[in-house]
$ cat work-v1.txt   # compact mmCIF, C-alpha atoms
# COMPACT_ATOMS: atom_id res chain seq x y z
CA MET A 1 -40.07 8.64 58.63
CA SER A 2 -41.85 9.30 61.90
CA LYS A 3 -45.01 7.28 62.44
CA ASN A 4 -46.56 10.00 64.58
CA SER A 5 -46.93 12.63 61.87
CA LEU A 6 -50.33 14.17 61.20
CA VAL A 7 -50.55 15.02 57.51
CA SER A 8 -54.12 14.26 56.52
CA ILE A 9 -57.27 13.77 58.57
CA SER A 10 -57.51 10.32 57.01
CA ASP A 11 -54.33 9.38 58.93
CA TYR A 12 -56.48 9.22 62.08
CA SER A 13 -59.00 6.51 62.88
CA LYS A 14 -62.34 7.33 64.51
CA GLU A 15 -60.87 6.32 67.88
CA GLU A 16 -57.87 8.59 67.43
CA ILE A 17 -60.11 11.50 66.46
CA LEU A 18 -62.29 10.96 69.53
CA SER A 19 -59.26 10.68 71.78
CA ILE A 20 -57.90 14.01 70.46
CA LEU A 21 -61.28 15.65 71.16
CA ASP A 22 -61.29 14.19 74.69
CA SER A 23 -57.82 15.46 75.31
CA ALA A 24 -58.75 18.91 73.90
CA ALA A 25 -61.58 19.15 76.45
CA ASP A 26 -59.02 18.39 79.13
CA PHE A 27 -56.74 21.16 77.86
CA GLU A 28 -59.67 23.57 77.77
CA ALA A 29 -60.20 22.91 81.49
CA HIS A 30 -56.47 23.19 82.27
CA PRO A 31 -54.59 24.91 79.41
CA ASN A 32 -51.36 25.64 81.31
CA ARG A 33 -49.14 22.65 82.00
CA ARG A 34 -45.42 21.95 81.72
CA THR A 35 -45.61 18.68 79.78
CA LEU A 36 -43.43 19.92 76.90
CA GLU A 37 -40.64 21.35 79.07
CA GLY A 38 -37.31 21.06 77.24
CA LYS A 39 -38.97 20.30 73.90
CA VAL A 40 -38.28 22.42 70.84
CA ILE A 41 -40.98 22.71 68.19
CA ALA A 42 -40.19 24.23 64.79
CA THR A 43 -42.92 26.19 63.04
CA LEU A 44 -42.04 26.45 59.35
CA PHE A 45 -44.49 28.76 57.59
CA PHE A 46 -43.59 28.95 53.91
CA GLU A 47 -46.89 30.78 53.44
CA PRO A 48 -48.22 33.41 55.83
CA SER A 49 -50.91 32.57 58.37
CA THR A 50 -51.97 34.38 61.51
CA ARG A 51 -54.38 32.18 63.41
CA THR A 52 -52.83 28.82 62.72
CA ARG A 53 -49.26 29.83 63.51
CA LEU A 54 -50.11 31.86 66.61
CA SER A 55 -52.37 29.17 68.02
CA PHE A 56 -49.78 26.42 67.46
CA GLU A 57 -47.10 28.59 69.06
CA THR A 58 -49.36 29.50 71.98
CA ALA A 59 -50.24 25.83 72.42
CA VAL A 60 -46.54 24.90 72.69
CA ILE A 61 -45.64 27.81 74.98
CA ARG A 62 -48.55 27.10 77.34
CA LEU A 63 -47.23 23.55 77.66
CA GLY A 64 -43.73 24.78 78.51
CA GLY A 65 -42.08 24.03 75.15
CA SER A 66 -39.99 26.38 73.01
CA ILE A 67 -40.46 27.56 69.43
CA ILE A 68 -38.03 28.06 66.56
CA GLY A 69 -38.91 28.81 62.95
CA PHE A 70 -40.00 31.39 60.44
CA SER A 71 -43.30 32.94 59.44
CA ASP A 72 -42.48 33.86 55.88
CA ALA A 73 -40.59 31.92 53.20
CA ALA A 74 -38.76 35.10 52.18
CA THR A 75 -36.81 34.98 55.45
CA SER A 76 -35.85 31.31 55.08
CA SER A 77 -33.20 29.58 52.96
CA SER A 78 -35.86 28.40 50.53
CA SER A 79 -35.65 31.89 49.06
CA LYS A 80 -32.04 31.02 48.16
CA GLY A 81 -33.23 27.91 46.36
CA GLU A 82 -32.77 25.35 49.15
CA THR A 83 -34.88 22.26 48.52
CA LEU A 84 -37.57 21.28 51.01
CA ASN A 85 -35.65 18.05 51.53
CA ASP A 86 -32.60 19.96 52.80
CA THR A 87 -34.62 22.34 54.97
CA ILE A 88 -36.45 19.44 56.64
CA HIS A 89 -33.22 17.48 57.23
CA MET A 90 -31.62 20.50 58.85
CA VAL A 91 -34.58 21.52 61.00
CA SER A 92 -35.29 17.98 62.16
CA SER A 93 -31.80 17.86 63.63
CA TYR A 94 -32.69 20.85 65.84
CA ALA A 95 -36.33 20.28 66.76
CA ASP A 96 -38.45 17.51 68.33
CA ALA A 97 -41.37 18.14 65.99
CA ILE A 98 -42.15 20.27 62.95
CA VAL A 99 -45.32 22.23 62.31
CA MET A 100 -45.37 23.18 58.63
CA ARG A 101 -47.48 25.25 56.26
CA HIS A 102 -46.54 25.21 52.61
CA PRO A 103 -48.20 26.64 49.48
CA LEU A 104 -47.68 23.41 47.50
CA GLU A 105 -50.03 20.47 47.88
CA GLY A 106 -48.39 17.32 49.16
CA ALA A 107 -45.48 19.19 50.74
CA SER A 108 -46.37 17.87 54.20
CA ARG A 109 -46.61 14.24 53.14
CA TYR A 110 -43.20 14.59 51.50
CA ALA A 111 -41.75 16.30 54.59
CA ALA A 112 -43.18 13.57 56.83
CA GLU A 113 -41.51 10.92 54.65
CA ILE A 114 -38.06 12.42 54.98
CA SER A 115 -38.24 13.77 58.52
CA PRO A 116 -37.11 11.60 61.44
CA VAL A 117 -39.24 13.74 63.79
CA PRO A 118 -43.06 14.05 63.56
CA VAL A 119 -44.48 16.56 61.09
CA ILE A 120 -47.81 18.28 61.72
CA ASN A 121 -49.43 19.65 58.57
CA ALA A 122 -50.64 23.18 59.20
CA GLY A 123 -51.96 23.45 55.64
CA ASP A 124 -50.52 22.34 52.30
CA GLY A 125 -51.96 24.49 49.53
CA ALA A 126 -55.56 23.55 48.80
CA ASN A 127 -55.07 20.03 50.11
CA GLN A 128 -55.25 19.31 53.84
CA HIS A 129 -55.38 21.22 57.10
CA PRO A 130 -56.09 18.53 59.70
CA SER A 131 -55.77 20.68 62.84
CA GLN A 132 -58.52 22.90 61.42
CA THR A 133 -60.67 19.84 60.84
CA LEU A 134 -60.13 18.60 64.37
CA LEU A 135 -61.02 21.99 65.83
CA ASP A 136 -64.13 22.03 63.63
CA LEU A 137 -65.10 18.64 65.02
CA TYR A 138 -64.40 19.83 68.54
CA SER A 139 -66.64 22.87 67.96
CA ILE A 140 -69.42 20.70 66.55
CA LEU A 141 -69.17 18.28 69.47
CA LYS A 142 -69.14 21.10 72.01
CA THR A 143 -72.17 22.89 70.56
CA GLN A 144 -74.28 19.85 69.63
CA GLY A 145 -73.26 17.46 72.41
CA THR A 146 -72.66 14.73 69.82
CA LEU A 147 -71.09 14.14 66.41
CA GLU A 148 -73.58 11.45 65.41
CA ASN A 149 -76.50 11.87 62.94
CA LEU A 150 -76.17 15.63 62.39
CA ASN A 151 -77.46 17.73 59.50
CA ILE A 152 -74.59 19.77 58.19
CA CYS A 153 -74.79 22.48 55.52
CA LEU A 154 -71.56 23.43 53.79
CA ALA A 155 -71.78 26.73 51.92
CA GLY A 156 -69.49 28.86 49.79
CA ASP A 157 -66.38 27.65 48.02
CA LEU A 158 -66.77 23.90 48.05
CA LYS A 159 -64.40 23.38 45.12
CA TYR A 160 -61.18 24.83 46.50
CA GLY A 161 -62.10 24.92 50.20
CA ARG A 162 -59.86 22.32 51.80
CA THR A 163 -61.58 22.62 55.18
CA VAL A 164 -64.90 21.35 53.82
CA HIS A 165 -63.23 18.43 52.05
CA SER A 166 -61.46 17.33 55.20
CA LEU A 167 -64.63 17.83 57.25
CA ILE A 168 -66.53 15.44 54.97
CA MET A 169 -63.84 12.82 55.42
CA ALA A 170 -63.74 13.25 59.19
CA MET A 171 -67.53 13.33 59.62
CA SER A 172 -67.87 10.13 57.57
CA HIS A 173 -67.36 8.21 60.84
CA PHE A 174 -70.50 9.74 62.36
CA ASN A 175 -73.41 9.23 59.91
CA PRO A 176 -73.98 12.85 58.86
CA THR A 177 -76.40 14.27 56.27
CA PHE A 178 -74.86 17.00 54.12
CA ARG A 179 -76.21 19.81 52.01
CA PHE A 180 -73.70 21.37 49.66
CA ILE A 181 -74.55 24.98 48.77
CA ALA A 182 -72.25 26.49 46.15
CA PRO A 183 -72.41 28.31 42.83
CA ASP A 184 -71.75 26.12 39.78
CA GLU A 185 -68.19 27.40 39.45
CA LEU A 186 -67.38 26.29 43.00
CA LYS A 187 -69.35 23.04 43.28
CA MET A 188 -68.21 20.12 45.38
CA PRO A 189 -65.75 18.08 43.25
CA ASP A 190 -66.88 14.64 42.07
CA GLU A 191 -64.29 12.77 44.09
CA TYR A 192 -65.92 13.87 47.35
CA LYS A 193 -69.38 12.97 46.09
CA ILE A 194 -68.02 9.55 45.14
CA PHE A 195 -66.55 9.37 48.65
CA CYS A 196 -69.99 10.12 50.15
CA LYS A 197 -71.71 7.48 48.01
CA LYS A 198 -69.08 4.93 48.92
CA HIS A 199 -69.56 5.60 52.62
CA GLY A 200 -73.37 5.70 52.45
CA ILE A 201 -73.50 9.40 53.33
CA LYS A 202 -76.65 11.23 52.22
CA TYR A 203 -76.21 14.60 50.52
CA THR A 204 -78.16 17.16 48.51
CA GLU A 205 -76.88 20.07 46.46
CA SER A 206 -78.20 23.60 45.94
CA ALA A 207 -76.85 26.53 43.97
CA GLU A 208 -78.26 29.32 46.14
CA LEU A 209 -77.90 30.37 49.73
CA THR A 210 -81.38 31.42 50.87
CA ASP A 211 -82.82 29.97 54.04
CA ASN A 212 -82.37 26.43 52.80
CA PHE A 213 -80.48 25.48 55.94
CA ASN A 214 -83.52 25.50 58.23
CA ASP A 215 -83.17 21.81 59.11
CA ALA A 216 -79.44 22.14 59.72
CA ASP A 217 -77.60 21.70 63.03
CA ILE A 218 -74.43 23.22 61.63
CA LEU A 219 -74.02 25.81 58.89
CA TYR A 220 -70.39 25.80 57.83
CA MET A 221 -69.53 28.88 55.78
CA THR A 222 -66.31 29.25 53.80
CA ARG A 223 -64.54 32.12 52.18
CA VAL A 224 -64.13 32.33 48.44
CA GLN A 225 -60.33 32.43 48.39
CA ARG A 226 -58.77 34.72 45.85
CA GLU A 227 -55.43 32.92 46.01
CA ARG A 228 -56.99 29.61 44.83
CA PHE A 229 -58.20 31.08 41.54
CA GLN A 230 -56.11 30.77 38.40
CA ASP A 231 -58.59 33.03 36.64
CA LEU A 232 -59.29 36.28 38.52
CA MET A 233 -62.29 37.06 36.30
CA GLU A 234 -63.92 33.96 37.69
CA TYR A 235 -63.12 35.15 41.22
CA GLU A 236 -64.75 38.53 40.65
CA ARG A 237 -67.84 36.83 39.29
CA VAL A 238 -68.45 34.53 42.25
CA LYS A 239 -67.04 36.28 45.33
CA ASN A 240 -70.15 38.16 46.35
CA VAL A 241 -72.71 35.52 45.53
CA TYR A 242 -72.94 34.21 49.05
CA THR A 243 -73.58 36.46 51.97
CA LEU A 244 -75.25 35.19 55.11
CA LYS A 245 -77.43 37.87 56.73
CA ASN A 246 -79.01 37.87 60.15
CA GLU A 247 -82.54 38.02 58.69
CA MET A 248 -81.96 34.69 56.93
CA LEU A 249 -81.60 32.93 60.29
CA GLY A 250 -85.20 33.56 61.49
CA ASN A 251 -86.54 30.08 60.81
CA SER A 252 -83.42 28.10 61.57
CA LYS A 253 -83.24 25.56 64.39
CA PRO A 254 -82.59 27.02 67.86
CA GLY A 255 -79.56 24.75 68.18
CA LEU A 256 -78.04 25.81 64.85
CA ARG A 257 -74.47 27.04 65.10
CA ILE A 258 -72.61 28.86 62.35
CA LEU A 259 -68.99 27.91 61.85
CA HIS A 260 -66.37 29.52 59.65
CA PRO A 261 -62.65 28.70 59.49
CA LEU A 262 -61.86 32.47 59.27
CA PRO A 263 -60.69 34.86 57.99
CA ARG A 264 -64.11 36.06 56.92
CA VAL A 265 -64.52 38.66 54.21
CA THR A 266 -68.01 39.33 52.87
CA GLU A 267 -69.67 35.93 53.26
CA ILE A 268 -71.06 36.58 56.75
CA ASP A 269 -72.55 40.00 57.44
CA THR A 270 -71.28 41.55 60.65
CA ASP A 271 -74.91 41.78 61.85
CA VAL A 272 -74.76 37.99 62.33
CA ASP A 273 -71.93 38.31 64.87
CA SER A 274 -74.24 39.23 67.76
CA ASN A 275 -76.63 36.35 67.02
CA GLU A 276 -76.14 33.54 69.56
CA LYS A 277 -75.98 31.12 66.65
CA ALA A 278 -72.71 32.66 65.50
CA TYR A 279 -69.92 30.48 66.82
CA TYR A 280 -66.91 31.29 64.62
CA PHE A 281 -64.92 33.29 67.15
CA GLN A 282 -65.29 30.62 69.85
CA GLN A 283 -64.40 28.09 67.16
CA ALA A 284 -61.08 29.87 66.59
CA GLN A 285 -60.43 29.83 70.34
CA ASN A 286 -61.08 26.07 70.42
CA GLY A 287 -58.16 25.76 68.02
CA LEU A 288 -55.74 26.37 70.85
CA TYR A 289 -56.93 23.39 72.92
CA VAL A 290 -57.12 21.10 69.92
CA ARG A 291 -53.57 22.05 68.89
CA GLN A 292 -52.34 21.41 72.43
CA ALA A 293 -53.89 17.95 72.12
CA ILE A 294 -52.30 17.36 68.68
CA VAL A 295 -48.80 18.47 69.67
CA SER A 296 -49.02 16.35 72.82
CA LYS A 297 -50.15 13.32 70.83
CA VAL A 298 -47.43 13.50 68.18
CA LEU A 299 -44.80 13.90 70.91
CA GLN A 300 -46.54 11.25 73.01
CA GLN A 301 -46.58 13.57 76.01
CA GLN A 302 -50.22 13.17 76.93
CA MET B 1 -50.50 -17.29 6.25
CA GLU B 2 -51.77 -13.84 5.51
CA LYS B 3 -50.68 -12.66 8.95
CA LYS B 4 -47.12 -13.85 8.40
CA LEU B 5 -46.84 -11.78 5.26
CA LYS B 6 -47.86 -8.66 7.11
CA VAL B 7 -45.68 -8.98 10.17
CA ALA B 8 -42.21 -10.46 10.20
CA ALA B 9 -41.46 -13.21 12.70
CA LEU B 10 -39.45 -12.47 15.83
CA LYS B 11 -36.65 -14.70 17.08
CA ASP B 12 -36.23 -13.36 20.62
CA GLY B 13 -37.95 -10.46 22.32
CA THR B 14 -41.37 -9.10 23.20
CA VAL B 15 -44.61 -8.80 21.27
CA ILE B 16 -47.29 -6.44 22.48
CA ASP B 17 -50.47 -7.64 20.84
CA HIS B 18 -54.12 -6.47 20.86
CA ILE B 19 -53.28 -2.80 21.23
CA PRO B 20 -56.37 -0.80 20.19
CA ALA B 21 -55.46 0.81 16.83
CA ASP B 22 -55.89 4.33 18.19
CA LYS B 23 -53.44 3.60 21.03
CA LEU B 24 -50.51 2.26 19.01
CA PHE B 25 -48.64 5.53 18.72
CA LYS B 26 -49.31 6.31 22.36
CA VAL B 27 -47.58 3.01 23.16
CA VAL B 28 -44.66 4.01 20.92
CA GLN B 29 -44.43 7.27 22.82
CA ILE B 30 -44.65 5.96 26.41
CA LEU B 31 -42.14 3.16 25.75
CA HIS B 32 -39.84 5.73 24.10
CA LEU B 33 -39.47 3.46 21.07
CA ASP B 34 -38.30 6.43 19.00
CA ASN B 35 -35.02 6.21 20.94
CA CYS B 36 -34.83 2.43 21.05
CA ILE B 37 -31.93 0.93 19.07
CA ASN B 38 -33.35 -2.61 18.94
CA GLN B 39 -35.11 -3.90 15.84
CA ILE B 40 -38.74 -2.85 16.06
CA THR B 41 -41.70 -3.86 13.95
CA LEU B 42 -44.85 -1.82 14.17
CA ALA B 43 -48.16 -2.78 12.61
CA ASN B 44 -51.50 -1.06 12.85
CA ASN B 45 -55.10 -1.44 11.70
CA LEU B 46 -54.76 -5.22 11.56
CA GLU B 47 -58.06 -7.05 11.72
CA SER B 48 -58.83 -8.55 15.07
CA LYS B 49 -61.81 -10.71 15.98
CA LYS B 50 -61.62 -9.47 19.55
CA ILE B 51 -61.25 -5.71 19.21
CA GLY B 52 -61.91 -4.79 15.60
CA LEU B 53 -58.74 -3.02 14.48
CA LYS B 54 -55.59 -3.62 16.44
CA GLY B 55 -52.00 -2.54 16.59
CA LEU B 56 -48.98 -4.67 17.27
CA VAL B 57 -45.42 -3.95 18.43
CA LYS B 58 -42.51 -6.36 18.19
CA ILE B 59 -39.28 -5.46 19.90
CA ALA B 60 -36.30 -7.73 19.34
CA ASP B 61 -34.04 -8.77 22.22
CA ARG B 62 -35.78 -6.76 24.83
CA ALA B 63 -37.91 -7.57 27.87
CA LEU B 64 -40.20 -4.95 29.34
CA ALA B 65 -39.44 -3.55 32.78
CA GLU B 66 -42.16 -3.40 35.43
CA ASN B 67 -42.37 0.35 34.92
CA GLU B 68 -43.14 -0.18 31.27
CA THR B 69 -45.83 -2.82 31.79
CA ASN B 70 -47.44 -0.48 34.35
CA LYS B 71 -47.56 2.24 31.71
CA LEU B 72 -49.10 -0.15 29.21
CA ALA B 73 -51.70 -1.27 31.76
CA LEU B 74 -52.81 2.35 32.00
CA VAL B 75 -52.96 3.01 28.26
CA CYS B 76 -54.18 -0.32 26.87
CA PRO B 77 -55.20 -2.59 29.74
CA ASP B 78 -56.48 -5.32 27.41
CA ALA B 79 -53.30 -5.66 25.35
CA LYS B 80 -51.30 -8.88 25.72
CA ILE B 81 -47.58 -9.27 26.22
CA ASN B 82 -45.97 -12.29 24.56
CA ILE B 83 -42.41 -13.22 25.43
CA ILE B 84 -40.68 -14.88 22.49
CA ARG B 85 -37.65 -17.16 22.64
CA ASP B 86 -36.34 -18.88 19.54
CA PHE B 87 -39.52 -18.08 17.56
CA GLU B 88 -41.74 -19.64 20.26
CA VAL B 89 -44.11 -17.87 22.62
CA VAL B 90 -42.74 -18.93 25.99
CA GLU B 91 -44.95 -16.73 28.12
CA LYS B 92 -48.21 -14.79 27.69
CA ARG B 93 -48.52 -12.08 30.24
CA PRO B 94 -51.72 -10.13 30.93
CA LEU B 95 -51.37 -6.51 31.99
CA ILE B 96 -52.29 -6.02 35.61
CA LEU B 97 -52.30 -2.67 37.35
CA PRO B 98 -50.51 -2.85 40.68
CA ASP B 99 -52.01 -1.20 43.80
CA GLU B 100 -49.41 1.51 43.62
CA ILE B 101 -47.53 3.00 40.65
CA ARG B 102 -44.22 4.72 41.24
CA GLU B 103 -42.32 7.13 39.06
CA VAL B 104 -44.02 6.78 35.66
CA ILE B 105 -46.97 9.14 36.15
CA GLN B 106 -46.72 12.90 36.32
CA CYS B 107 -49.23 14.52 38.66
CA ALA B 108 -51.74 16.61 36.71
CA ASN B 109 -52.00 19.12 39.56
CA PRO B 110 -49.64 22.03 38.81
CA ASN B 111 -49.54 22.85 42.55
CA CYS B 112 -48.43 19.37 43.57
CA ILE B 113 -45.07 19.24 45.33
CA THR B 114 -43.94 16.51 42.88
CA ASN B 115 -44.00 19.07 40.05
CA HIS B 116 -41.70 21.45 41.93
CA GLN B 117 -39.22 19.39 43.94
CA PRO B 118 -37.25 16.25 43.12
CA VAL B 119 -39.86 13.82 44.47
CA VAL B 120 -40.52 10.37 42.95
CA THR B 121 -44.26 10.31 42.17
CA ARG B 122 -46.44 7.66 43.81
CA PHE B 123 -50.03 6.97 42.82
CA TYR B 124 -52.56 4.66 44.46
CA VAL B 125 -54.71 2.71 42.02
CA LEU B 126 -58.38 2.84 43.05
CA LYS B 127 -60.66 0.38 41.28
CA GLU B 128 -64.28 1.33 41.75
CA GLU B 129 -67.54 1.16 39.81
CA ASN B 130 -65.92 -0.04 36.55
CA GLN B 131 -63.64 2.94 36.65
CA ILE B 132 -59.98 3.13 37.52
CA ARG B 133 -58.88 6.27 39.34
CA LEU B 134 -55.40 7.21 40.44
CA LYS B 135 -54.77 9.12 43.62
CA CYS B 136 -51.56 11.06 44.13
CA ARG B 137 -49.98 10.05 47.43
CA TYR B 138 -48.81 13.63 47.95
CA CYS B 139 -51.47 16.14 46.89
CA GLU B 140 -54.25 13.51 47.29
CA ARG B 141 -55.93 14.54 44.02
CA GLU B 142 -57.60 11.84 41.98
CA VAL B 143 -57.65 11.49 38.21
CA LYS B 144 -59.29 8.97 35.88
CA ALA B 145 -56.80 6.46 34.49
CA GLU B 146 -57.42 7.62 30.91
CA GLU B 147 -56.57 11.20 31.87
CA VAL B 148 -53.18 10.61 33.49
CA LYS B 149 -50.00 12.13 32.16
CA ILE B 150 -47.41 9.45 31.60
CA LYS B 151 -43.77 10.46 31.73
$ encode --input "work-v1.txt" --output "structure tokens"
Amino acid sequence: MSKNSLVSISDYSKEEILSILDSAADFEAHPNRRTLEGKVIATLFFEPSTRTRLSFETAVIRLGGSIIGFSDAATSSSSKGETLNDTIHMVSSYADAIVMRHPLEGASRYAAEISPVPVINAGDGANQHPSQTLLDLYSILKTQGTLENLNICLAGDLKYGRTVHSLIMAMSHFNPTFRFIAPDELKMPDEYKIFCKKHGIKYTESAELTDNFNDADILYMTRVQRERFQDLMEYERVKNVYTLKNEMLGNSKPGLRILHPLPRVTEIDTDVDSNEKAYYFQQAQNGLYVRQAIVSKVLQQQ
Amino acid sequence: MEKKLKVAALKDGTVIDHIPADKLFKVVQILHLDNCINQITLANNLESKKIGLKGLVKIADRALAENETNKLALVCPDAKINIIRDFEVVEKRPLILPDEIREVIQCANPNCITNHQPVVTRFYVLKEENQIRLKCRYCEREVKAEEVKIK
């Protein structure tokens, strides 16, 4: 097993998180370097993704590395019944690092255990997506100037939304105050509330999205994801409950920034896009620099 | 005297005592005693000063593996294991949950990799606020100890 893998945000200490964010700022200033020349990175996407795969691949190419891999499980040997164990053994003999997305939770931890080269988790089902978390942190730091003592509202699908779960864990180093806004069906699971209590993190819960984020520094919206529902009736019932409209932002703090991991569907009206508080497109761009920092760290090429 | 009439003595083997009466058949199931060829004595609804009604299992000529005591610690943490040699109790062993449990638990999350690929399950035992929770090393989901699926 490679010690340098990044599977879960909890694999990184506060210092490691801050050093990634530092390094991302550096890459933002100078994104094109040749530090990964001669390195081969495999991107194994057993589940489709646009942003994550393209930004990882761009990150590697801008650093002079090369990419192998697949963007759809149907074009890989797993469609012939190959076990993940065999795929990882084979790929790790070709590549210097593996970036993997998989529909099953825990797939990345398992891959990291059997792979002799570092594995970067680019999403394992509803579980973890640490590069997203790090780019969220980078976006918060960039827009607020600090990560300490912020008021953060998380709204939308807090039950299945892996990005909000990882964000809570990552922000626990920085004394945040949370408000969880979600319909009953999609409430924050108990284990994360227990986590907050254990770490002395203050939180409140509401069932409606109105303008109850007026004291917030960050409003983090999430999509209600159809693919996470076992029961599609439940999905139909809750998908349109939460829509952020421009008029709801009138009394919010001037420094408020709205984040969203994207893709967005109906939860943010397009009339919000032109508001200076909307930050989700810049947030996606930040992903490139953060992923350059992550790939460099796991390959120790900083 | 009365106790001896109810439950036959054991020469060599293991006695699991102080099993809550409603857990006896769960113990039978998780230790796969239905397939065990050793002599087995089961007793249930015996009076116990400590726990009201208790169950008891005696298995001749068999010691419990670590896997099996881990399972018991999940199902009936207050039961006692007595090791018997030549009719004497030579060791009384309390059930202690280790920090990590391998293999014996099935992850309750249907989307966990361990339910789809040949992966040995590993669970971290979290002891907090009078409650024991188990966290899957792979999918990172937590379940209460009383809700786990034991293989």
$ atom_distance --input "work-v1.txt" --atom1 "atom CA of A:Asn240" --atom2 "atom CA of A:Ile194"
28.7 Å
$ atom_distance --input "work-v1.txt" --atom1 "atom CA of A:Ser55" --atom2 "atom CA of A:Glu16"
21.3 Å
$ residues_around --input "work-v1.txt" --residues "A:Ile61" --least-positions-apart "6" --cutoff "9 Å" --atoms "all atoms listed in the file" --output "list in words"
Asn32, Arg34, Leu36 and Ile67 of chain A
$ write_last_selection --input "work-v1.txt" --atoms "C-alpha atoms" --output "mmCIF file, in the coordinates of the input"
data_model
loop_
_atom_site.group_PDB
_atom_site.id
_atom_site.type_symbol
_atom_site.label_atom_id
_atom_site.label_comp_id
_atom_site.auth_asym_id
_atom_site.auth_seq_id
_atom_site.Cartn_x
_atom_site.Cartn_y
_atom_site.Cartn_z
ATOM 1 C CA ASN A 32 -51.360 25.640 81.310
ATOM 2 C CA ARG A 34 -45.420 21.950 81.720
ATOM 3 C CA LEU A 36 -43.430 19.920 76.900
ATOM 4 C CA ILE A 67 -40.460 27.560 69.430
#
$ closest_residue --input "work-v1.txt" --among "B:Ile16, B:Cys136, B:Ile81, B:Val148" --to "chain A" --atoms "all atoms listed in the file"
B:Cys136
$ atom_distance --input "work-v1.txt" --atom1 "atom CA of A:Thr35" --atom2 "atom CA of A:Tyr138"
21.9 Å
$ interface_residues --input "work-v1.txt" --of "chain B" --to "chain A" --cutoff "10 Å" --atoms "all atoms listed in the file" --output "ChimeraX atom specification"
/B:109-120,128-129,133,136-143
$ residues_around --input "work-v1.txt" --residues "B:His32" --least-positions-apart "4" --cutoff "12 Å" --atoms "only C-alpha atoms" --output "ChimeraX atom specification"
/B:25-28,36-38,40,59,64,68,71,150-151
$ residues_around --input "work-v1.txt" --residues "B:Arg85" --least-positions-apart "5" --cutoff "7 Å" --atoms "only C-alpha atoms" --output "number ranges by chain"
B: 11-13, 90
$ residues_around --input "work-v1.txt" --residues "A:His165" --least-positions-apart "4" --cutoff "12 Å" --atoms "only C-alpha atoms" --output "PyMOL selection string"
(chain A and resi 8-10+126-130+132-133+154-155+157-161+169-172+178+180+187-193+195-196+220+222) or (chain B and resi 140-141)
$ closest_residue --input "work-v1.txt" --among "A:Ile41, A:Leu63, A:Leu21, A:Met221" --to "A:Val117" --atoms "all atoms listed in the file"
A:Ile41
$ residues_around --input "work-v1.txt" --residues "A:Ser76" --least-positions-apart "6" --cutoff "9 Å" --atoms "only C-alpha atoms" --output "PDB file with C-alpha atoms, keeping the file's coordinate frame"
ATOM      1  CA  LEU A  44     -42.040  26.450  59.350  1.00  0.00           C
ATOM      2  CA  PHE A  46     -43.590  28.950  53.910  1.00  0.00           C
ATOM      3  CA  GLY A  69     -38.910  28.810  62.950  1.00  0.00           C
ATOM      4  CA  PHE A  70     -40.000  31.390  60.440  1.00  0.00           C
ATOM      5  CA  GLU A  82     -32.770  25.350  49.150  1.00  0.00           C
TER       6      GLU A  82
END
$ closest_residue --input "work-v1.txt" --among "B:Leu33, B:Leu72, B:Leu56, B:Leu46" --to "B:Leu97" --atoms "all atoms listed in the file"
B:Leu72
$ closest_residue --input "work-v1.txt" --among "B:Pro98, B:Asn45, B:Val75, B:Asn67" --to "B:Ala145" --atoms "all atoms listed in the file"
B:Val75
$ decode --input "work-v1.txt" --residues "stretch 22-31 of chain B" --atoms "N, CA and C atoms" --output "short mmCIF file (atom, residue, chain, number, x, y, z; two decimals), in the first residue's frame"
data_model
loop_
_atom_site.label_atom_id
_atom_site.label_comp_id
_atom_site.auth_asym_id
_atom_site.auth_seq_id
_atom_site.Cartn_x
_atom_site.Cartn_y
_atom_site.Cartn_z
N ASP B 22 -33.22 -13.66 25.69
CA ASP B 22 -33.68 -13.37 24.31
C ASP B 22 -32.53 -13.39 23.30
N LYS B 23 -31.31 -13.63 23.77
CA LYS B 23 -30.17 -13.65 22.84
C LYS B 23 -29.63 -15.06 22.60
N LEU B 24 -30.18 -16.05 23.34
CA LEU B 24 -29.61 -17.40 23.25
C LEU B 24 -29.58 -17.93 21.82
N PHE B 25 -30.71 -17.78 21.13
CA PHE B 25 -30.75 -18.40 19.80
C PHE B 25 -29.97 -17.59 18.77
N LYS B 26 -29.77 -16.32 19.07
CA LYS B 26 -28.86 -15.50 18.25
C LYS B 26 -27.43 -16.05 18.40
N VAL B 27 -27.07 -16.40 19.64
CA VAL B 27 -25.74 -16.97 19.89
C VAL B 27 -25.58 -18.29 19.14
N VAL B 28 -26.63 -19.12 19.19
CA VAL B 28 -26.61 -20.39 18.46
C VAL B 28 -26.34 -20.14 16.98
N GLN B 29 -27.02 -19.12 16.48
CA GLN B 29 -26.90 -18.80 15.05
C GLN B 29 -25.50 -18.28 14.69
N ILE B 30 -24.99 -17.29 15.44
CA ILE B 30 -23.71 -16.68 15.03
C ILE B 30 -22.52 -17.61 15.26
N LEU B 31 -22.67 -18.57 16.20
CA LEU B 31 -21.57 -19.53 16.39
C LEU B 31 -21.76 -20.76 15.49
#
